There are 4 protein chains.
Amino acid sequence: MKNTNKNTAVLLLHCPDKQGIIAAVTEFININKGNIIYLDQHVDKAEKIFFMRVEWELDNFLIPTDKINEYFQTLLAIKYEMEFQIHFQNQKPRMALFVSKQAHCMYDLLAHYEAGDWNVEIPLIISNHPDLEHVAKKFNIPYYYFPITKENKEEQEAKEMALLKEYNITFSVLAKYMQIISPEFIKAYPNNIINIHHSFLPAFVGAKPYHAAYERGVKIIGATSHYVTEELDAGPIIKQDVARISHKDSIDNLIRKGQDLEKVVLSRGVEKHIERKILVYKNKTIVFG
Amino acid sequence: MKNTNKNTAVLLLHCPDKQGIIAAVTEFININKGNIIYLDQHVDKAEKIFFMRVEWELDNFLIPTDKINEYFQTLLAIKYEMEFQIHFQNQKPRMALFVSKQAHCMYDLLAHYEAGDWNVEIPLIISNHPDLEHVAKKFNIPYYYFPITKENKEEQEAKEMALLKEYNITFSVLAKYMQIISPEFIKAYPNNIINIHHSFLPAFVGAKPYHAAYERGVKIIGATSHYVTEELDAGPIIKQDVARISHKDSIDNLIRKGQDLEKVVLSRGVEKHIERKILVYKNKTIVFG
Amino acid sequence: MKNTNKNTAVLLLHCPDKQGIIAAVTEFININKGNIIYLDQHVDKAEKIFFMRVEWELDNFLIPTDKINEYFQTLLAIKYEMEFQIHFQNQKPRMALFVSKQAHCMYDLLAHYEAGDWNVEIPLIISNHPDLEHVAKKFNIPYYYFPITKENKEEQEAKEMALLKEYNITFSVLAKYMQIISPEFIKAYPNNIINIHHSFLPAFVGAKPYHAAYERGVKIIGATSHYVTEELDAGPIIKQDVARISHKDSIDNLIRKGQDLEKVVLSRGVEKHIERKILVYKNKTIVFG
Amino acid sequence: MKNTNKNTAVLLLHCPDKQGIIAAVTEFININKGNIIYLDQHVDKAEKIFFMRVEWELDNFLIPTDKINEYFQTLLAIKYEMEFQIHFQNQKPRMALFVSKQAHCMYDLLAHYEAGDWNVEIPLIISNHPDLEHVAKKFNIPYYYFPITKENKEEQEAKEMALLKEYNITFSVLAKYMQIISPEFIKAYPNNIINIHHSFLPAFVGAKPYHAAYERGVKIIGATSHYVTEELDAGPIIKQDVARISHKDSIDNLIRKGQDLEKVVLSRGVEKHIERKILVYKNKTIVFG
């Protein structure tokens with residue numbers, strides 16, 4: 001789906017499951033001359049919660065764009081106790097890219113970006129190491145280097161957060177950024193920081209998962225992209241993938257095979273986020289197709 | 001590989017890695033007029049250990065079958081500090097099948113057995129529940145029912161072990177046998193009890209892994225066949241496989257999709273064991289192709 | 001989803017895509033006091049066709065069961081140019097099982113059936129060989145043996161079709177039934193004959209696909225369950241799965257690994273059919289989750 | 001396996017299967033004080049052909065490097081009717097990269113190259129379009145643009161082949177190079193031109209495989225890296241991988257998901273070629289682990 005600056009609205013919502021929600025929401029759009037181009041919904045029967053994503057064209061929509069939120073709140077959200085977000089696809093999400101020393105995920109993301117695959121802006125790259133500045137330069141994206149020590153971490157993160165504000169960043173991607181983000185930072189961007197963990201979570205939480213996988217003698221390794229929450233590697237999972245290994249694979253091989261997983265699993269998670277196809281509820285994701 | 005009662009010997013060995021081991025072993029066989037029909041080897045470079053599986057035809061082999069072990073020990077094993085086993089493919093392994101209430105793995109194993117896919121005998125089935133006796137009857141295999149409580153566990157296991165002796169059982173398969181085996185039992189059959197765990201180990205050790213997977217919101221589920229050791233679900237992994245799930249899958253769906261994994265992962269692990277293609281070293285397996 | 005004889009109706013429909021279809025259908029159900037327990041829909045944007053599956057509880061539904069079809073036709077189907085089917089989950093589909101000499105798919109299907117996994121009746125088994133009668137006996141299902149030659153094929157198939165009528169069969173499953181079904185037979189059961197083909201279609205159509213895969217040197221093999229149409233192995237695909245192979249795998253190994261795929265791919269296709277989750281349009285399937 | 005300029009020799013051979021080959025080869029190396037660091041072998045039982053890859057350290061090897069070929073030929077190859085190649089890992093293979101308009105495979109290969117993952121030199125990039133020159137510039141690699149028409153094809157390919165000679169190119173990689181290579185070119189580099197085909201071969205040979213896959217309604221798509229031979233998309237397969245799709249996926253989605261497969265499948269095929277782990281025999285590959 002090439003970045004086409006479509007003039008559409010995306011509504012993401014969840015609420016207690018009741019009769020008539022789909023009918024009510026689609027009628028709200030149809031009656032106001034919105035043309036629905038996407039609708040998907042899900043009912044979590046255990047939790048009795050209804051989830052929905054609708055996208056419609058705004059060209060002939062009767063409600064002015066800046067009033068849609070208010071009208072939807074008044075006419076539907078209160079009645080059905082909905083939590084909802086409305087996004088406009090012609091307002092591109094703005095992404096900050098965090099890297100450390102490994103370039104494979106960075107290259108994969110930037111190649112997608114340069115190809116125009118995604119409806120996103122990447123105005124800056126942040127790193128705790130100087131190593132990958134040359135890659136940022138290749139793509140003409142400013143590279144901010146913040147070396148981080150125990151002592152200066154708070155101060156450096158404050159500067160990073162100021163930068164994110166300055167650049168109007170809406171979400172961040174940790175592309176093998178080997179530095180734990182502090183709770184204050186995370187709280188400022190709930191469900192808007194995406195990390196790639198190089199294991200099949202919840203197996204092998206924390207550092208050196210490939211070494212741990214090798215030690216345990218598993219026959220399959222994995223990678224997981226997830227939203228960052230305060231508990232390490234425990235946030236809502238977005239995408240996972242796996243690859244077969246055998247006794248022949250050294251730790252170096254696991255790392256190599258794992259990097260192929262990491263880049264794909266991270267890029268596809270970022271893509272779903274950019275497309276506003278992810279809903280988070282109780283530390284789990286609904287990822288629409 | 002249909003059960004053909006081939007007149008071959010299988011040598012499985014490991015030893016410190018040195019120059020010339022393959023040459024020495026293959027010469028031992030060639031010089032005595034054995035025709036090698038399979039050879040695979042592996043060097044664990046981290047541990048500096050050499051692993052090998054060789055199979056050769058015995059028809060013209062100069063060393064009498066009952067002397068091969070002694071000759072190999074004297075001529076090669078001492079020199080290279082080898083640990084080794086020699087199996088004869090015309091001596092079928094004898095397998096005890098343990099079940100509880102779920103039949104899917106049991107049916108898959110017995111369908112393979114009845115089709116003659118494997119070089120094995122299954123002379124008895126043991127259960128802690130009466131539920132699956134009707135399946136055993138379908139295949140004309142004696143079904144021994146040992147209800148197990150906290151109080152009688154030791155006594156019942158003693159009876160089970162006596163039965164295994166009586167039937168000359170060489171290895172046991174726990175096909176969704178929902179009862180923990182005691183350490184004494186395990187010690188009596190080192191690397192000869194195969195279990196199926198319904199998760200992608202080491203994720204979700206213990207009871208109710210599908211419920212835990214659902215709770216965690218993973219996007220892929222798995223199953224693991226492994227040798228049973230004293231630490232629960234921590235023994236050497238033989239086979240693993242996975243299936244994709246999504247937010248649409250209820251716990252019931254996870255269980256259903258998982259059962260398909262379980263039966264295939266268990267049967268393929270059992271097959272490798274029967275073929276004597278598994279070496280265990282330091283809680284990890286080498287599974288030859 | 002254990003066979004629970006739910007008192008629900010399943011509506012499957014497709015029609016030209018227009019505004020308001022979901023709203024109209026869900027209102028039809030809600031207003032008549034049906035409680036929707038499942039709704040999924042899909043828009044084929046290339047063809048501009050809307051597809052939908054809805055399931056609702058009939059307990060308090062105001063329209064009598066035997067009138068739902070007529071009312072839906074009158075009130076909605078004509079207006080929206082819908083093609084639709086309505087099924088009642090307490091009317092179990094009745095399945096005929098066709099087999100030849102290989103038992104692995106047969107056992108997998110019958111193990112599911114015996115476990116009560118599916119809302120189905122399997123009142124008869126038909127074969128062109130006597131080999132698997134002993135399996136049918138294990139499950140107490142009548143086994144009809146119709147040896148087929150070029151000369152008697154028409155006559156024998158006529159007998160088979162008479163049997164299917166006698167047993168009120170709604171769909172048939174060819175579980176490694178190695179005999180081509182004639183066009184007359186296929187026409188009598190459109191989208192109601194499910195076959196398993198032992199390759200990743202459209203690769204390796206026709207006989208001996210594992211031999212062809214071995215010859216071509218592929219690195220992955222597959223299996224495909226599909227509805228039977230007049231063109232061989234060209235009907236709508238329901239499920240596919242694959243397994244990795246390598247140069248080490250002999251044709252025998254491909255067959256062995258392939259059988260694991262075949263049984264799972266067939267059983268999961270049959271399951272979707274029984275759950276009435278498959279819509280066919282222009283030789284392709286929509287398989288709802 | 002980072003590019004370490006190891007001082008080792010790699011011997012790849014095949015010959016009629018006989019007793020004693022492994023012993024003879026390993027003795028040849030051991031007796032001359034070569035330390036074997038890798039040995040893998042395979043017997044094709046259908047063809048009765050033996051395949052082997054051995055790698056050993058040259059530091060103390062008694063036979064001078066430039067004589068190894070001659071000695072091996074004289075002492076072993078003649079006796080066993082071997083076809084063999086000997087490579088020295090400190091002589092890096094030299095790779096030409098061919099591209100057209102899509103950059104995803106190109107970026108993936110160049111990111112590996114820049115990271116030093118592979119023991120290879122990429123001294124030039126050749127294209128039939130000017131579009132990706134900016135990517136070549138990012139990596140400081142000369143970009144040669146040869147627009148190709150029916151009329152000038154022979155002439156342009158002659159120039160390309162002259163360039164490959166000038167740069168001492170040992171193998172070429174067609175990274176989504178959308179131009180058929182002529183037989184003369186292919187003959188000049190047997191088993192040294194690697195292509196990525198965006199389907200699961202042999203399904204969907206030729207142009208527009210994703211459109212064909214969409215049309216057929218398959219549930220899994222794939223990608224294949226293979227050596228180029230004169231018959232289109234029919235050369236020896238090196239690597240394949242697949243991804244699940246559903247009725248929800250538009251052709252655009254297939255292309256997107258397919259690109260992730262393409263880059264990984266091509267890069268891993270190229271890696272195996274660089275590592276000299278591929279043997280080709282009768283249009284099939286043996287790819288050692």
# chains A, B, ... in the order shown; residues from 1 in each chain; ligands from 1

call {"tool": "residues_around", "arguments": {"residues": "range 243-245 of chain C", "least_positions_apart": "2", "cutoff": "8 Å", "atoms": "only C-alpha atoms", "output": "list in words"}}
result
Val218, Lys219, Ile220, Ile221, Gly222, Asp241, His247, Lys248, Asp249, Leu254, Lys257, Gly258 and Leu261 of chain C

call {"tool": "write_last_selection", "arguments": {"atoms": "all heavy atoms", "output": "mmCIF file, in the first residue's frame"}}
result
data_model
loop_
_atom_site.group_PDB
_atom_site.id
_atom_site.type_symbol
_atom_site.label_atom_id
_atom_site.label_comp_id
_atom_site.auth_asym_id
_atom_site.auth_seq_id
_atom_site.Cartn_x
_atom_site.Cartn_y
_atom_site.Cartn_z
ATOM 1 N N VAL C 218 13.081 -29.265 -5.084
ATOM 2 C CA VAL C 218 12.532 -28.185 -4.255
ATOM 3 C C VAL C 218 13.025 -28.322 -2.819
ATOM 4 O O VAL C 218 13.446 -29.400 -2.384
ATOM 5 C CB VAL C 218 10.991 -28.172 -4.256
ATOM 6 C CG1 VAL C 218 10.452 -27.857 -5.638
ATOM 7 C CG2 VAL C 218 10.428 -29.489 -3.751
ATOM 8 N N LYS C 219 12.976 -27.220 -2.075
ATOM 9 C CA LYS C 219 13.447 -27.210 -0.690
ATOM 10 C C LYS C 219 12.289 -27.202 0.301
ATOM 11 O O LYS C 219 12.505 -27.210 1.519
ATOM 12 C CB LYS C 219 14.341 -25.987 -0.463
ATOM 13 C CG LYS C 219 15.587 -25.942 -1.366
ATOM 14 C CD LYS C 219 16.492 -27.164 -1.201
ATOM 15 C CE LYS C 219 17.768 -27.038 -2.034
ATOM 16 N NZ LYS C 219 18.565 -28.274 -1.993
ATOM 17 N N ILE C 220 11.075 -27.142 -0.213
ATOM 18 C CA ILE C 220 9.875 -27.147 0.621
ATOM 19 C C ILE C 220 8.819 -27.978 -0.112
ATOM 20 O O ILE C 220 8.669 -27.847 -1.316
ATOM 21 C CB ILE C 220 9.358 -25.699 0.840
ATOM 22 C CG1 ILE C 220 10.359 -24.877 1.670
ATOM 23 C CG2 ILE C 220 8.002 -25.696 1.527
ATOM 24 C CD1 ILE C 220 9.942 -23.437 1.920
ATOM 25 N N ILE C 221 8.124 -28.839 0.630
ATOM 26 C CA ILE C 221 6.992 -29.559 0.029
ATOM 27 C C ILE C 221 5.703 -29.081 0.673
ATOM 28 O O ILE C 221 5.735 -28.408 1.703
ATOM 29 C CB ILE C 221 7.111 -31.088 0.185
ATOM 30 C CG1 ILE C 221 7.289 -31.458 1.671
ATOM 31 C CG2 ILE C 221 8.263 -31.620 -0.647
ATOM 32 C CD1 ILE C 221 7.080 -32.935 1.943
ATOM 33 N N GLY C 222 4.567 -29.455 0.085
ATOM 34 C CA GLY C 222 3.307 -28.954 0.620
ATOM 35 C C GLY C 222 2.156 -29.906 0.395
ATOM 36 O O GLY C 222 2.311 -30.982 -0.195
ATOM 37 N N ASP C 241 -0.424 -26.156 3.542
ATOM 38 C CA ASP C 241 0.673 -26.081 4.498
ATOM 39 C C ASP C 241 1.922 -26.671 3.854
ATOM 40 O O ASP C 241 1.838 -27.376 2.844
ATOM 41 C CB ASP C 241 0.338 -26.809 5.802
ATOM 42 C CG ASP C 241 1.163 -26.274 6.976
ATOM 43 O OD1 ASP C 241 2.009 -25.375 6.775
ATOM 44 O OD2 ASP C 241 0.970 -26.765 8.099
ATOM 45 N N HIS C 247 18.413 -31.813 0.683
ATOM 46 C CA HIS C 247 18.976 -32.843 -0.191
ATOM 47 C C HIS C 247 19.056 -34.200 0.512
ATOM 48 O O HIS C 247 19.177 -35.235 -0.126
ATOM 49 C CB HIS C 247 20.375 -32.424 -0.659
ATOM 50 C CG HIS C 247 21.327 -32.207 0.473
ATOM 51 N ND1 HIS C 247 21.503 -30.982 1.097
ATOM 52 C CD2 HIS C 247 22.148 -33.046 1.129
ATOM 53 C CE1 HIS C 247 22.390 -31.103 2.058
ATOM 54 N NE2 HIS C 247 22.804 -32.337 2.105
ATOM 55 N N LYS C 248 19.002 -34.191 1.854
ATOM 56 C CA LYS C 248 19.099 -35.451 2.587
ATOM 57 C C LYS C 248 17.840 -36.292 2.473
ATOM 58 O O LYS C 248 17.861 -37.486 2.776
ATOM 59 C CB LYS C 248 19.354 -35.176 4.073
ATOM 60 C CG LYS C 248 20.705 -34.570 4.350
ATOM 61 C CD LYS C 248 20.993 -34.625 5.826
ATOM 62 C CE LYS C 248 22.375 -34.070 6.107
ATOM 63 N NZ LYS C 248 22.714 -34.156 7.530
ATOM 64 N N ASP C 249 16.720 -35.665 2.110
ATOM 65 C CA ASP C 249 15.455 -36.385 2.121
ATOM 66 C C ASP C 249 15.255 -37.204 0.856
ATOM 67 O O ASP C 249 15.207 -36.669 -0.250
ATOM 68 C CB ASP C 249 14.302 -35.390 2.286
ATOM 69 C CG ASP C 249 14.241 -34.824 3.695
ATOM 70 O OD1 ASP C 249 14.003 -35.614 4.620
ATOM 71 O OD2 ASP C 249 14.468 -33.617 3.873
ATOM 72 N N LEU C 254 10.089 -37.700 1.801
ATOM 73 C CA LEU C 254 9.108 -36.707 1.355
ATOM 74 C C LEU C 254 7.699 -37.234 1.593
ATOM 75 O O LEU C 254 6.820 -36.519 2.066
ATOM 76 C CB LEU C 254 9.273 -36.386 -0.137
ATOM 77 C CG LEU C 254 10.597 -35.825 -0.632
ATOM 78 C CD1 LEU C 254 10.382 -35.085 -1.950
ATOM 79 C CD2 LEU C 254 11.218 -34.910 0.381
ATOM 80 N N LYS C 257 7.012 -37.113 5.413
ATOM 81 C CA LYS C 257 6.759 -35.751 5.893
ATOM 82 C C LYS C 257 5.470 -35.203 5.284
ATOM 83 O O LYS C 257 4.728 -34.469 5.921
ATOM 84 C CB LYS C 257 7.935 -34.840 5.532
ATOM 85 C CG LYS C 257 9.180 -35.122 6.349
ATOM 86 C CD LYS C 257 10.302 -34.119 6.032
ATOM 87 C CE LYS C 257 11.522 -34.384 6.923
ATOM 88 N NZ LYS C 257 12.612 -33.428 6.659
ATOM 89 N N GLY C 258 5.236 -35.580 4.024
ATOM 90 C CA GLY C 258 4.036 -35.104 3.357
ATOM 91 C C GLY C 258 2.768 -35.644 4.011
ATOM 92 O O GLY C 258 1.771 -34.939 4.120
ATOM 93 N N LEU C 261 1.610 -33.485 6.703
ATOM 94 C CA LEU C 261 0.932 -32.301 6.167
ATOM 95 C C LEU C 261 -0.476 -32.645 5.699
ATOM 96 O O LEU C 261 -1.438 -31.928 5.977
ATOM 97 C CB LEU C 261 1.705 -31.737 4.972
ATOM 98 C CG LEU C 261 3.082 -31.153 5.234
ATOM 99 C CD1 LEU C 261 3.739 -30.767 3.921
ATOM 100 C CD2 LEU C 261 2.988 -29.942 6.151
#

call {"tool": "select_by_dssp", "arguments": {"residues": "range 152-220 of chain A", "states": "strand (DSSP E or B)", "output": "PyMOL selection string"}}
result
chain A and resi 171-174+193-197+220

call {"tool": "write_last_selection", "arguments": {"atoms": "N, CA and C atoms", "output": "compact mmCIF listing (two decimals), in the first residue's frame"}}
result
# COMPACT_ATOMS: atom_id res chain seq x y z
N PHE A 171 5.39 8.54 17.32
CA PHE A 171 5.78 7.24 17.87
C PHE A 171 7.26 6.97 17.59
N SER A 172 7.83 6.06 18.40
CA SER A 172 9.26 5.76 18.30
C SER A 172 9.46 4.28 18.04
N VAL A 173 10.53 3.98 17.32
CA VAL A 173 10.86 2.58 17.03
C VAL A 173 12.28 2.30 17.52
N LEU A 174 12.40 1.30 18.38
CA LEU A 174 13.71 0.92 18.92
C LEU A 174 14.26 -0.21 18.05
N ILE A 193 5.73 3.24 21.56
CA ILE A 193 7.15 2.89 21.43
C ILE A 193 7.19 1.40 21.06
N ILE A 194 7.76 1.11 19.90
CA ILE A 194 7.81 -0.27 19.42
C ILE A 194 9.24 -0.78 19.54
N ASN A 195 9.39 -1.96 20.13
CA ASN A 195 10.71 -2.56 20.31
C ASN A 195 10.76 -3.89 19.56
N ILE A 196 11.97 -4.28 19.18
CA ILE A 196 12.15 -5.64 18.65
C ILE A 196 12.97 -6.41 19.68
N HIS A 197 12.42 -7.55 20.11
CA HIS A 197 13.17 -8.40 21.03
C HIS A 197 13.59 -9.65 20.29
N ILE A 220 13.95 -24.17 17.46
CA ILE A 220 13.36 -23.05 16.72
C ILE A 220 13.70 -21.77 17.49

call {"tool": "residues_around", "arguments": {"residues": "Ala24 in chain D", "least_positions_apart": "2", "cutoff": "12 Å", "atoms": "only C-alpha atoms", "output": "number ranges by chain"}}
result
B: 20, 22-24, 26-27, 30; D: 18-22, 26-31, 72, 75-77, 79-80

call {"tool": "residues_around", "arguments": {"residues": "Leu39 in chain D", "least_positions_apart": "2", "cutoff": "12 Å", "atoms": "only C-alpha atoms", "output": "ChimeraX atom specification"}}
result
/A:248 /B:19-23,39-43,50,52 /D:9-13,22-23,25-26,29,35-37,41-42,51-56,277,288-289

call {"tool": "residues_around", "arguments": {"residues": "Ala103 in chain C", "least_positions_apart": "6", "cutoff": "12 Å", "atoms": "only C-alpha atoms", "output": "number ranges by chain"}}
result
B: 107-108, 110-117; C: 97, 109-111, 127, 129, 131-136, 174-177, 259-260, 262-263

call {"tool": "residues_around", "arguments": {"residues": "range 274-276 of chain A", "least_positions_apart": "2", "cutoff": "10 Å", "atoms": "only C-alpha atoms", "output": "list of chain:residue names"}}
result
A:Met1, A:Val10, A:Leu11, A:Leu12, A:Arg53, A:Gln85, A:Ile86, A:His87, A:Phe88, A:Gln89, A:Lys92, A:Pro93, A:Arg94, A:Met95, A:Trp118, A:Asn119, A:Val120, A:Phe171, A:Arg268, A:Gly269, A:Val270, A:Glu271, A:Lys272, A:Ile278, A:Leu279, A:Val287, A:Phe288

call {"tool": "interface_residues", "arguments": {"of": "chain A", "to": "chain B", "cutoff": "6 Å", "atoms": "only C-alpha atoms", "output": "VMD selection string"}}
result
chain A and resid 202 to 203 217 219 240 247 284 286

call {"tool": "residues_around", "arguments": {"residues": "range 162-165 of chain C", "least_positions_apart": "6", "cutoff": "12 Å", "atoms": "only C-alpha atoms", "output": "list in words"}}
result
Arg94, Met95, Ala96, Leu97, Phe98, Ile122, Pro123, Leu124, Ile125, Ile126, Pro142, Tyr143, Tyr144, Tyr145, Phe146, Glu155, Gln156, Phe171, Ser172, Phe185, Ala188 and Tyr189 of chain C

call {"tool": "write_last_selection", "arguments": {"atoms": "C-alpha atoms", "output": "CSV table (one decimal), in the first residue's frame"}}
result
chain,number,residue,atom,x,y,z
C,94,ARG,CA,-23.6,-35.6,7.0
C,95,MET,CA,-20.3,-36.6,5.6
C,96,ALA,CA,-19.2,-39.5,3.4
C,97,LEU,CA,-15.6,-40.6,3.7
C,98,PHE,CA,-13.9,-42.0,0.6
C,122,ILE,CA,-20.1,-39.8,9.3
C,123,PRO,CA,-22.6,-42.6,8.5
C,124,LEU,CA,-20.6,-44.4,5.9
C,125,ILE,CA,-17.2,-45.0,4.3
C,126,ILE,CA,-16.8,-45.8,0.6
C,142,PRO,CA,-20.4,-49.2,7.4
C,143,TYR,CA,-17.7,-49.7,4.7
C,144,TYR,CA,-18.8,-50.0,1.2
C,145,TYR,CA,-16.4,-51.5,-1.3
C,146,PHE,CA,-16.8,-50.6,-5.0
C,155,GLU,CA,-22.1,-48.0,-13.0
C,156,GLN,CA,-20.2,-48.1,-9.7
C,171,PHE,CA,-20.7,-33.5,1.6
C,172,SER,CA,-17.9,-35.9,0.8
C,185,PHE,CA,-20.7,-36.9,-9.6
C,188,ALA,CA,-24.3,-33.3,-8.1
C,189,TYR,CA,-22.3,-31.9,-5.2
